[in-house]
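Note: the block below is my_file.pdb and it holds PDB, C-alpha atoms.
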ATOM      1  CA  MET A   1       0.000   0.000   0.000  1.00  0.00           C
ATOM      2  CA  VAL A   2       1.471   3.331  -1.138  1.00  0.00           C
ATOM      3  CA  GLU A   3       0.060   5.289   1.798  1.00  0.00           C
ATOM      4  CA  PHE A   4       1.485   2.846   4.310  1.00  0.00           C
ATOM      5  CA  ASP A   5       4.931   2.940   2.715  1.00  0.00           C
ATOM      6  CA  GLU A   6       4.821   6.750   2.755  1.00  0.00           C
ATOM      7  CA  PHE A   7       3.768   6.696   6.419  1.00  0.00           C
ATOM      8  CA  ILE A   8       6.752   4.525   7.388  1.00  0.00           C
ATOM      9  CA  THR A   9       9.085   6.715   5.310  1.00  0.00           C
ATOM     10  CA  ILE A  10       7.818   9.807   7.147  1.00  0.00           C
ATOM     11  CA  MET A  11       8.239   8.142  10.537  1.00  0.00           C
ATOM     12  CA  ARG A  12      11.806   7.059   9.763  1.00  0.00           C
ATOM     13  CA  ARG A  13      12.690  10.597   8.647  1.00  0.00           C
ATOM     14  CA  LEU A  14      11.146  12.155  11.757  1.00  0.00           C
ATOM     15  CA  ARG A  15      13.111   9.730  13.900  1.00  0.00           C
ATOM     16  CA  LYS A  16      16.335  10.949  12.274  1.00  0.00           C
ATOM     17  CA  GLU A  17      15.630  14.682  11.966  1.00  0.00           C
ATOM     18  CA  CYS A  18      13.090  15.765  14.602  1.00  0.00           C
ATOM     19  CA  PRO A  19      14.732  16.542  17.991  1.00  0.00           C
ATOM     20  CA  TRP A  20      11.742  15.308  20.025  1.00  0.00           C
ATOM     21  CA  ASP A  21      11.298  12.115  18.024  1.00  0.00           C
ATOM     22  CA  LYS A  22      15.012  11.322  18.288  1.00  0.00           C
ATOM     23  CA  GLU A  23      14.867  11.518  22.097  1.00  0.00           C
ATOM     24  CA  GLN A  24      12.063   8.980  22.504  1.00  0.00           C
ATOM     25  CA  THR A  25      12.469   5.421  23.817  1.00  0.00           C
ATOM     26  CA  HIS A  26      10.110   2.497  24.354  1.00  0.00           C
ATOM     27  CA  GLU A  27       9.743   3.655  27.970  1.00  0.00           C
ATOM     28  CA  THR A  28       8.993   7.320  27.236  1.00  0.00           C
ATOM     29  CA  LEU A  29       6.387   6.369  24.637  1.00  0.00           C
ATOM     30  CA  LYS A  30       4.421   3.994  26.889  1.00  0.00           C
ATOM     31  CA  LYS A  31       2.065   6.629  28.244  1.00  0.00           C
ATOM     32  CA  HIS A  32       1.382   7.968  24.748  1.00  0.00           C
ATOM     33  CA  PHE A  33       0.431   4.486  23.514  1.00  0.00           C
ATOM     34  CA  ILE A  34      -2.181   4.160  26.266  1.00  0.00           C
ATOM     35  CA  GLU A  35      -3.460   7.712  25.763  1.00  0.00           C
ATOM     36  CA  GLU A  36      -3.948   7.201  22.029  1.00  0.00           C
ATOM     37  CA  ALA A  37      -5.800   3.935  22.589  1.00  0.00           C
ATOM     38  CA  TYR A  38      -8.166   5.594  25.054  1.00  0.00           C
ATOM     39  CA  GLU A  39      -8.753   8.500  22.694  1.00  0.00           C
ATOM     40  CA  ALA A  40      -9.755   5.996  20.007  1.00  0.00           C
ATOM     41  CA  LEU A  41     -12.183   4.367  22.453  1.00  0.00           C
ATOM     42  CA  ASP A  42     -13.614   7.787  23.288  1.00  0.00           C
ATOM     43  CA  ALA A  43     -14.258   8.447  19.588  1.00  0.00           C
ATOM     44  CA  ILE A  44     -16.074   5.101  19.346  1.00  0.00           C
ATOM     45  CA  ASP A  45     -18.224   5.964  22.376  1.00  0.00           C
ATOM     46  CA  ARG A  46     -19.085   9.321  20.793  1.00  0.00           C
ATOM     47  CA  LYS A  47     -19.733   7.605  17.447  1.00  0.00           C
ATOM     48  CA  ASN A  48     -17.552  10.261  15.842  1.00  0.00           C
ATOM     49  CA  PHE A  49     -15.978   8.342  12.987  1.00  0.00           C
ATOM     50  CA  ASP A  50     -14.034  11.292  11.614  1.00  0.00           C
ATOM     51  CA  ASP A  51     -12.293  11.485  14.984  1.00  0.00           C
ATOM     52  CA  LEU A  52     -11.920   7.695  15.055  1.00  0.00           C
ATOM     53  CA  LYS A  53     -10.152   7.775  11.696  1.00  0.00           C
ATOM     54  CA  GLY A  54      -7.608  10.209  13.096  1.00  0.00           C
ATOM     55  CA  GLU A  55      -7.223   8.394  16.401  1.00  0.00           C
ATOM     56  CA  LEU A  56      -6.588   5.051  14.688  1.00  0.00           C
ATOM     57  CA  GLY A  57      -3.840   6.797  12.766  1.00  0.00           C
ATOM     58  CA  ASP A  58      -2.354   7.960  16.064  1.00  0.00           C
ATOM     59  CA  VAL A  59      -2.449   4.380  17.379  1.00  0.00           C
ATOM     60  CA  ALA A  60      -0.727   3.197  14.194  1.00  0.00           C
ATOM     61  CA  LEU A  61       1.885   5.906  14.732  1.00  0.00           C
ATOM     62  CA  GLN A  62       2.733   4.372  18.099  1.00  0.00           C
ATOM     63  CA  VAL A  63       3.100   0.908  16.533  1.00  0.00           C
ATOM     64  CA  ALA A  64       5.407   2.319  13.875  1.00  0.00           C
ATOM     65  CA  PHE A  65       7.391   4.371  16.398  1.00  0.00           C
ATOM     66  CA  HIS A  66       8.159   1.366  18.619  1.00  0.00           C
ATOM     67  CA  SER A  67       8.987  -0.770  15.575  1.00  0.00           C
ATOM     68  CA  ILE A  68      11.418   1.785  14.172  1.00  0.00           C
ATOM     69  CA  ILE A  69      13.171   2.122  17.533  1.00  0.00           C
ATOM     70  CA  ALA A  70      13.488  -1.676  17.610  1.00  0.00           C
ATOM     71  CA  GLU A  71      14.930  -1.608  14.082  1.00  0.00           C
ATOM     72  CA  GLU A  72      17.579   0.884  15.182  1.00  0.00           C
ATOM     73  CA  GLU A  73      18.466  -1.367  18.095  1.00  0.00           C
ATOM     74  CA  LYS A  74      18.558  -4.356  15.690  1.00  0.00           C
ATOM     75  CA  ILE A  75      15.929  -6.225  17.724  1.00  0.00           C
ATOM     76  CA  PHE A  76      13.206  -6.623  15.085  1.00  0.00           C
ATOM     77  CA  THR A  77      11.809  -4.804  12.048  1.00  0.00           C
ATOM     78  CA  ILE A  78       8.341  -3.493  11.289  1.00  0.00           C
ATOM     79  CA  GLU A  79       8.064  -6.160   8.600  1.00  0.00           C
ATOM     80  CA  GLU A  80       8.627  -8.788  11.289  1.00  0.00           C
ATOM     81  CA  VAL A  81       5.844  -7.219  13.367  1.00  0.00           C
ATOM     82  CA  PHE A  82       3.367  -7.897  10.581  1.00  0.00           C
ATOM     83  CA  THR A  83       4.845 -11.307   9.770  1.00  0.00           C
ATOM     84  CA  THR A  84       4.346 -12.282  13.406  1.00  0.00           C
ATOM     85  CA  ILE A  85       0.701 -11.178  13.541  1.00  0.00           C
ATOM     86  CA  ASN A  86      -0.041 -12.846  10.203  1.00  0.00           C
ATOM     87  CA  GLU A  87       1.384 -16.135  11.457  1.00  0.00           C
ATOM     88  CA  LYS A  88      -0.524 -15.822  14.727  1.00  0.00           C
ATOM     89  CA  LEU A  89      -3.845 -15.141  12.995  1.00  0.00           C
ATOM     90  CA  ILE A  90      -3.424 -18.166  10.742  1.00  0.00           C
ATOM     91  CA  ARG A  91      -2.266 -20.400  13.609  1.00  0.00           C
ATOM     92  CA  ARG A  92      -5.161 -19.374  15.843  1.00  0.00           C
ATOM     93  CA  HIS A  93      -7.821 -19.879  13.170  1.00  0.00           C
ATOM     94  CA  PRO A  94      -7.379 -23.524  12.156  1.00  0.00           C
ATOM     95  CA  HIS A  95     -11.093 -23.665  11.308  1.00  0.00           C
ATOM     96  CA  ILE A  96     -10.363 -21.148   8.537  1.00  0.00           C
ATOM     97  CA  TYR A  97      -6.840 -22.127   7.501  1.00  0.00           C
ATOM     98  CA  GLY A  98      -6.941 -25.783   8.519  1.00  0.00           C
ATOM     99  CA  ASP A  99      -9.244 -28.721   9.117  1.00  0.00           C
ATOM    100  CA  ALA A 100     -10.716 -27.812  12.516  1.00  0.00           C
ATOM    101  CA  VAL A 101     -14.486 -27.489  12.763  1.00  0.00           C
ATOM    102  CA  ILE A 102     -16.310 -25.135  15.103  1.00  0.00           C
ATOM    103  CA  ASN A 103     -20.032 -24.349  15.255  1.00  0.00           C
ATOM    104  CA  ASN A 104     -20.304 -21.189  17.340  1.00  0.00           C
ATOM    105  CA  GLY A 105     -18.459 -18.404  19.117  1.00  0.00           C
ATOM    106  CA  ALA A 106     -18.145 -20.352  22.374  1.00  0.00           C
ATOM    107  CA  GLU A 107     -16.348 -23.203  20.610  1.00  0.00           C
ATOM    108  CA  GLN A 108     -14.108 -20.642  18.920  1.00  0.00           C
ATOM    109  CA  ILE A 109     -13.083 -19.154  22.295  1.00  0.00           C
ATOM    110  CA  ALA A 110     -12.405 -22.623  23.749  1.00  0.00           C
ATOM    111  CA  LEU A 111     -10.263 -23.533  20.746  1.00  0.00           C
ATOM    112  CA  TRP A 112      -8.441 -20.198  20.981  1.00  0.00           C
ATOM    113  CA  ASP A 113      -7.567 -20.871  24.626  1.00  0.00           C
ATOM    114  CA  LYS A 114      -6.249 -24.360  23.835  1.00  0.00           C
ATOM    115  CA  ILE A 115      -4.059 -22.956  21.076  1.00  0.00           C
ATOM    116  CA  LYS A 116      -2.673 -20.286  23.425  1.00  0.00           C
ATOM    117  CA  MET A 117      -1.722 -22.958  25.970  1.00  0.00           C
ATOM    118  CA  SER A 118      -0.049 -25.000  23.238  1.00  0.00           C
ATOM    119  CA  GLU A 119       2.098 -21.961  22.399  1.00  0.00           C
ATOM    120  CA  GLY A 120       4.017 -22.399  25.649  1.00  0.00           C
ATOM    121  CA  ARG A 121       1.886 -20.819  28.334  1.00  0.00           C
ATOM    122  CA  ILE A 122       2.030 -22.515  31.720  1.00  0.00           C
ATOM    123  CA  SER A 123      -0.869 -20.769  33.478  1.00  0.00           C
ATOM    124  CA  VAL A 124      -4.342 -20.020  32.131  1.00  0.00           C
ATOM    125  CA  LEU A 125      -3.885 -16.569  33.691  1.00  0.00           C
ATOM    126  CA  GLU A 126      -0.854 -15.722  31.556  1.00  0.00           C
ATOM    127  CA  GLY A 127      -1.160 -13.030  28.946  1.00  0.00           C
ATOM    128  CA  ILE A 128      -3.097 -10.479  31.014  1.00  0.00           C
ATOM    129  CA  PRO A 129      -1.200  -7.164  30.796  1.00  0.00           C
ATOM    130  CA  ASN A 130      -0.111  -5.551  34.060  1.00  0.00           C
ATOM    131  CA  HIS A 131      -1.082  -2.162  32.648  1.00  0.00           C
ATOM    132  CA  TYR A 132      -4.755  -3.055  32.332  1.00  0.00           C
ATOM    133  CA  PRO A 133      -7.050  -0.838  34.436  1.00  0.00           C
ATOM    134  CA  ALA A 134      -7.644  -2.733  37.687  1.00  0.00           C
ATOM    135  CA  LEU A 135     -11.374  -3.381  37.177  1.00  0.00           C
ATOM    136  CA  MET A 136     -10.760  -4.659  33.667  1.00  0.00           C
ATOM    137  CA  LYS A 137      -7.898  -6.850  34.850  1.00  0.00           C
ATOM    138  CA  ALA A 138      -9.991  -8.296  37.682  1.00  0.00           C
ATOM    139  CA  GLU A 139     -12.750  -9.215  35.248  1.00  0.00           C
ATOM    140  CA  LYS A 140     -10.263 -10.787  32.841  1.00  0.00           C
ATOM    141  CA  VAL A 141      -8.636 -12.880  35.599  1.00  0.00           C
ATOM    142  CA  GLN A 142     -12.031 -14.107  36.796  1.00  0.00           C
ATOM    143  CA  LYS A 143     -13.206 -15.013  33.301  1.00  0.00           C
ATOM    144  CA  LYS A 144     -10.063 -17.003  32.595  1.00  0.00           C
ATOM    145  CA  ALA A 145     -10.386 -18.911  35.877  1.00  0.00           C
ATOM    146  CA  ALA A 146     -14.072 -19.544  35.140  1.00  0.00           C
ATOM    147  CA  LYS A 147     -13.222 -21.178  31.808  1.00  0.00           C
ATOM    148  CA  VAL A 148     -11.578 -24.087  33.635  1.00  0.00           C
ATOM    149  CA  GLY A 149     -14.430 -24.436  36.136  1.00  0.00           C
ATOM    150  CA  PHE A 150     -13.159 -22.242  38.973  1.00  0.00           C
ATOM    151  CA  GLU A 151     -16.436 -20.365  39.258  1.00  0.00           C
ATOM    152  CA  TRP A 152     -19.454 -19.791  41.489  1.00  0.00           C
ATOM    153  CA  LYS A 153     -22.626 -21.581  40.408  1.00  0.00           C
ATOM    154  CA  GLU A 154     -25.263 -19.019  41.388  1.00  0.00           C
ATOM    155  CA  LYS A 155     -25.192 -15.234  41.537  1.00  0.00           C
ATOM    156  CA  GLU A 156     -26.824 -15.350  44.992  1.00  0.00           C
ATOM    157  CA  ASP A 157     -23.695 -17.051  46.314  1.00  0.00           C
ATOM    158  CA  VAL A 158     -21.549 -14.381  44.715  1.00  0.00           C
ATOM    159  CA  TRP A 159     -23.578 -11.659  46.444  1.00  0.00           C
ATOM    160  CA  LYS A 160     -23.127 -13.436  49.784  1.00  0.00           C
ATOM    161  CA  LYS A 161     -19.392 -13.210  49.124  1.00  0.00           C
ATOM    162  CA  VAL A 162     -19.750  -9.464  48.521  1.00  0.00           C
ATOM    163  CA  GLU A 163     -21.539  -9.088  51.858  1.00  0.00           C
ATOM    164  CA  GLU A 164     -18.881 -11.193  53.572  1.00  0.00           C
ATOM    165  CA  GLU A 165     -16.101  -9.000  52.177  1.00  0.00           C
ATOM    166  CA  LEU A 166     -17.946  -5.821  53.198  1.00  0.00           C
ATOM    167  CA  SER A 167     -18.220  -7.153  56.746  1.00  0.00           C
ATOM    168  CA  GLU A 168     -14.502  -7.975  56.788  1.00  0.00           C
ATOM    169  CA  LEU A 169     -13.712  -4.481  55.505  1.00  0.00           C
ATOM    170  CA  GLN A 170     -15.749  -2.915  58.317  1.00  0.00           C
ATOM    171  CA  SER A 171     -13.885  -5.049  60.861  1.00  0.00           C
ATOM    172  CA  ALA A 172     -10.542  -4.043  59.374  1.00  0.00           C
ATOM    173  CA  ILE A 173     -11.469  -0.353  59.518  1.00  0.00           C
ATOM    174  CA  ALA A 174     -12.574  -0.729  63.136  1.00  0.00           C
ATOM    175  CA  SER A 175      -9.270  -2.412  64.016  1.00  0.00           C
ATOM    176  CA  GLY A 176      -7.300   0.584  62.760  1.00  0.00           C
ATOM    177  CA  ASN A 177      -4.965  -1.721  60.814  1.00  0.00           C
ATOM    178  CA  LYS A 178      -4.232   0.262  57.646  1.00  0.00           C
ATOM    179  CA  ALA A 179      -2.593  -2.604  55.759  1.00  0.00           C
ATOM    180  CA  HIS A 180      -5.499  -4.936  56.549  1.00  0.00           C
ATOM    181  CA  THR A 181      -8.020  -2.266  55.513  1.00  0.00           C
ATOM    182  CA  TYR A 182      -6.162  -1.778  52.235  1.00  0.00           C
ATOM    183  CA  GLU A 183      -6.319  -5.512  51.526  1.00  0.00           C
ATOM    184  CA  GLU A 184      -9.974  -5.892  52.482  1.00  0.00           C
ATOM    185  CA  PHE A 185     -11.003  -2.929  50.341  1.00  0.00           C
ATOM    186  CA  GLY A 186      -9.405  -4.665  47.366  1.00  0.00           C
ATOM    187  CA  ASP A 187     -11.321  -7.841  48.236  1.00  0.00           C
ATOM    188  CA  VAL A 188     -14.599  -5.885  48.190  1.00  0.00           C
ATOM    189  CA  LEU A 189     -13.837  -4.463  44.737  1.00  0.00           C
ATOM    190  CA  PHE A 190     -12.803  -7.873  43.416  1.00  0.00           C
ATOM    191  CA  SER A 191     -15.996  -9.509  44.693  1.00  0.00           C
ATOM    192  CA  LEU A 192     -18.125  -6.713  43.187  1.00  0.00           C
ATOM    193  CA  VAL A 193     -16.450  -7.258  39.813  1.00  0.00           C
ATOM    194  CA  ASN A 194     -17.283 -10.938  40.154  1.00  0.00           C
ATOM    195  CA  TYR A 195     -20.938 -10.129  40.864  1.00  0.00           C
ATOM    196  CA  ALA A 196     -21.003  -7.724  37.917  1.00  0.00           C
ATOM    197  CA  ARG A 197     -20.120 -10.615  35.607  1.00  0.00           C
ATOM    198  CA  PHE A 198     -23.051 -12.635  36.931  1.00  0.00           C
ATOM    199  CA  ILE A 199     -25.547  -9.834  36.253  1.00  0.00           C
ATOM    200  CA  ASP A 200     -23.993  -9.086  32.851  1.00  0.00           C
ATOM    201  CA  VAL A 201     -22.589  -5.655  33.758  1.00  0.00           C
ATOM    202  CA  ASN A 202     -19.216  -4.453  32.517  1.00  0.00           C
ATOM    203  CA  PRO A 203     -17.655  -2.994  35.697  1.00  0.00           C
ATOM    204  CA  GLU A 204     -15.175  -0.752  33.887  1.00  0.00           C
ATOM    205  CA  GLU A 205     -17.856   0.779  31.660  1.00  0.00           C
ATOM    206  CA  SER A 206     -20.333   1.005  34.533  1.00  0.00           C
ATOM    207  CA  LEU A 207     -17.897   2.973  36.708  1.00  0.00           C
ATOM    208  CA  HIS A 208     -16.932   5.130  33.739  1.00  0.00           C
ATOM    209  CA  SER A 209     -20.624   5.957  33.209  1.00  0.00           C
ATOM    210  CA  THR A 210     -21.002   6.928  36.870  1.00  0.00           C
ATOM    211  CA  ILE A 211     -17.921   9.167  36.664  1.00  0.00           C
ATOM    212  CA  GLN A 212     -19.402  10.888  33.618  1.00  0.00           C
ATOM    213  CA  LYS A 213     -22.711  11.353  35.466  1.00  0.00           C
ATOM    214  CA  PHE A 214     -20.949  12.828  38.501  1.00  0.00           C
ATOM    215  CA  THR A 215     -18.875  15.123  36.283  1.00  0.00           C
ATOM    216  CA  SER A 216     -21.964  16.373  34.442  1.00  0.00           C
ATOM    217  CA  ARG A 217     -23.830  17.128  37.687  1.00  0.00           C
ATOM    218  CA  PHE A 218     -20.853  18.803  39.325  1.00  0.00           C
ATOM    219  CA  GLN A 219     -20.258  20.981  36.272  1.00  0.00           C
ATOM    220  CA  TYR A 220     -23.934  21.980  36.445  1.00  0.00           C
ATOM    221  CA  ILE A 221     -23.263  23.240  39.991  1.00  0.00           C
ATOM    222  CA  GLU A 222     -20.241  25.193  38.760  1.00  0.00           C
ATOM    223  CA  LYS A 223     -22.242  26.704  35.885  1.00  0.00           C
ATOM    224  CA  LYS A 224     -25.144  27.771  38.098  1.00  0.00           C
ATOM    225  CA  LEU A 225     -22.882  29.296  40.730  1.00  0.00           C
ATOM    226  CA  LEU A 226     -21.035  31.207  38.018  1.00  0.00           C
ATOM    227  CA  GLU A 227     -24.360  32.546  36.693  1.00  0.00           C
ATOM    228  CA  GLN A 228     -25.194  33.676  40.237  1.00  0.00           C
ATOM    229  CA  GLY A 229     -21.839  35.400  40.583  1.00  0.00           C
ATOM    230  CA  LYS A 230     -20.776  33.087  43.398  1.00  0.00           C
ATOM    231  CA  ASP A 231     -17.381  31.534  44.092  1.00  0.00           C
ATOM    232  CA  ILE A 232     -17.635  27.760  44.458  1.00  0.00           C
ATOM    233  CA  HIS A 233     -14.815  27.881  47.031  1.00  0.00           C
ATOM    234  CA  GLN A 234     -17.004  30.101  49.226  1.00  0.00           C
ATOM    235  CA  THR A 235     -20.224  28.128  48.712  1.00  0.00           C
ATOM    236  CA  SER A 236     -21.656  25.932  51.433  1.00  0.00           C
ATOM    237  CA  LEU A 237     -22.286  22.246  50.974  1.00  0.00           C
ATOM    238  CA  GLU A 238     -25.999  22.882  51.529  1.00  0.00           C
ATOM    239  CA  GLU A 239     -26.123  25.344  48.611  1.00  0.00           C
ATOM    240  CA  MET A 240     -24.243  22.968  46.358  1.00  0.00           C
ATOM    241  CA  ASP A 241     -26.523  20.093  47.385  1.00  0.00           C
ATOM    242  CA  VAL A 242     -29.595  22.050  46.236  1.00  0.00           C
ATOM    243  CA  LEU A 243     -28.022  22.535  42.819  1.00  0.00           C
ATOM    244  CA  TRP A 244     -26.924  18.874  42.773  1.00  0.00           C
ATOM    245  CA  ASN A 245     -30.544  17.808  43.198  1.00  0.00           C
ATOM    246  CA  GLU A 246     -31.538  20.212  40.419  1.00  0.00           C
ATOM    247  CA  ALA A 247     -29.000  18.531  38.157  1.00  0.00           C
ATOM    248  CA  LYS A 248     -30.373  15.092  39.080  1.00  0.00           C
ATOM    249  CA  GLY A 249     -33.858  16.301  38.179  1.00  0.00           C
ATOM    250  CA  LYS A 250     -32.635  17.285  34.750  1.00  0.00           C
TER
END
Output the file's structure as structure tokens, nothing else.
Amino acid sequence: MVEFDEFITIMRRLRKECPWDKEQTHETLKKHFIEEAYEALDAIDRKNFDDLKGELGDVALQVAFHSIIAEEEKIFTIEEVFTTINEKLIRRHPHIYGDAVINNGAEQIALWDKIKMSEGRISVLEGIPNHYPALMKAEKVQKKAAKVGFEWKEKEDVWKKVEEELSELQSAIASGNKAHTYEEFGDVLFSLVNYARFIDVNPEESLHSTIQKFTSRFQYIEKKLLEQGKDIHQTSLEEMDVLWNEAKGK
């Protein structure tokens, strides 16, 4: 593809001639990779496909950037990046490129997991990135464990576990043991993520939605106070609460 070749040519030139680009390493670019991915997700949520087109380009830029740095360090080339993914796609779809037969998506996932284990993984929990957001990572860990039968049978039992963890958190808080409280709070979150799976709720997206709702209501308070000529720093909680309830009503 001409456009792709031009893109790589541009990136290689920037790496050689642009002061900022020349200074970058795999480590310094990590945060940008994550930021660009989240910006692409935001465009999808907003259903703004013009923005998505640009954001996908920014994600591709990160892939190219890391590949070119690796080329300079003689570790691998960008061609090898695509050779590797091509081989992986073919290897993991034997029902398309081989003789395997599957009848539905569930069978596809089971086959995919078997292939991953055959590629040298020791644990079914391998392959979950450390940089995942915690709620997303918790859900992923639980789903992988569930695939081999390590799973609650009924959602009522899962909720009992949530209540048990809440009780243990309250006891830890009462004890004044900070380390124990820290641990028990994590247990509460983990059990809530587990329950979310049983009621078909995506915990990451659910919390994100609540954050957006809070942000919208709080910004309503700020807007109204500004219209009234008031300083939010000098406004009482009672006044803000009235406006908060107005925002909820809207």
- [ ] Taking the file as shown, find all residues satisfying the PyMOL selection byres ((chain A and resi 24) around 12) and write them as a PyMOL selection string.
- [x] chain A and resi 14-16+18-23+25-32+62+65-66+68-70
- [ ] Point out the residue among A:Ala134, A:Ala110, A:Ile75, A:Ala64 with the least atom-to-atom distance to Ala146 in chain A, counting all atoms listed in the file.
- [x]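 Nearest to Ala146 in chain A: A:Ala110.
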Task: Option closest in space to Ala145 in chain A, from A:Leu111, A:Gln170, A:Gly186, A:Asn194 [counting all atoms listed in the file] - done: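 Answer, going by the shortest atom-to-atom distance: A:Asn194.
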Task: Residues returned when the PyMOL selection byres ((chain A and resi 93) around 12) runs on this file, as a ChimeraX atom specification - done: /A:86-92,94-102,107-116
Open item on the list: What does the structure give for the distance between CA of Tyr195 in chain A and CA of Glu139 in chain A, in Å to one decimal?
Closed with: 10.0 Å
Task: One-decimal distance in Å that lies between CA of Leu135 in chain A and CA of Leu52 in chain A - done: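 Interatomic distance, CA of Leu52 in chain A to CA of Leu135 in chain A: 24.7 Å.
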TODO: Kindly indicate which residue among A:Phe218, A:Phe7, A:Phe198, A:Tyr38 lies nearest to Asp157 in chain A, using all atoms listed in the file for the distances.
DONE: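 The shortest atom-to-atom distance to Asp157 in chain A comes from A:Phe198.
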Selection in question (the file shown): the PyMOL selection byres ((chain A and resi 184) around 9). Which residues does it include, as an mmCIF file with C-alpha atoms, in the frame of the given file?
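Below you can see part36.cif, which holds the result:
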data_model
loop_
_atom_site.group_PDB
_atom_site.id
_atom_site.type_symbol
_atom_site.label_atom_id
_atom_site.label_comp_id
_atom_site.auth_asym_id
_atom_site.auth_seq_id
_atom_site.Cartn_x
_atom_site.Cartn_y
_atom_site.Cartn_z
ATOM 1 C CA GLU A 165 -16.101 -9.000 52.177
ATOM 2 C CA LEU A 166 -17.946 -5.821 53.198
ATOM 3 C CA GLU A 168 -14.502 -7.975 56.788
ATOM 4 C CA LEU A 169 -13.712 -4.481 55.505
ATOM 5 C CA GLN A 170 -15.749 -2.915 58.317
ATOM 6 C CA ALA A 172 -10.542 -4.043 59.374
ATOM 7 C CA ALA A 179 -2.593 -2.604 55.759
ATOM 8 C CA HIS A 180 -5.499 -4.936 56.549
ATOM 9 C CA THR A 181 -8.020 -2.266 55.513
ATOM 10 C CA TYR A 182 -6.162 -1.778 52.235
ATOM 11 C CA GLU A 183 -6.319 -5.512 51.526
ATOM 12 C CA PHE A 185 -11.003 -2.929 50.341
ATOM 13 C CA GLY A 186 -9.405 -4.665 47.366
ATOM 14 C CA ASP A 187 -11.321 -7.841 48.236
ATOM 15 C CA VAL A 188 -14.599 -5.885 48.190
ATOM 16 C CA LEU A 189 -13.837 -4.463 44.737
#
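The space between CA of Ala37 in chain A and CA of Asp58 in chain A spans 8.4 Å.
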Open item on the list: Using only C-alpha atoms for the distances, tell me which of A:Lys53, A:Lys143, A:Lys137, A:Arg217 is nearest to Lys248 in chain A.
Closed with: A:Arg217
Open item on the list: Show me the residues around (-32.6, 18.7, 39.4) - criterion: an atom at most 12 Å away, all atoms listed in the file counted - as a VMD selection string.
Closed with: chain A and resid 216 to 218 220 to 221 224 240 to 250
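Closest approach to Tyr132 in chain A among A:Thr235, A:Lys161, A:Glu204, A:Asp42 is made by A:Glu204 (distances from all atoms listed in the file).
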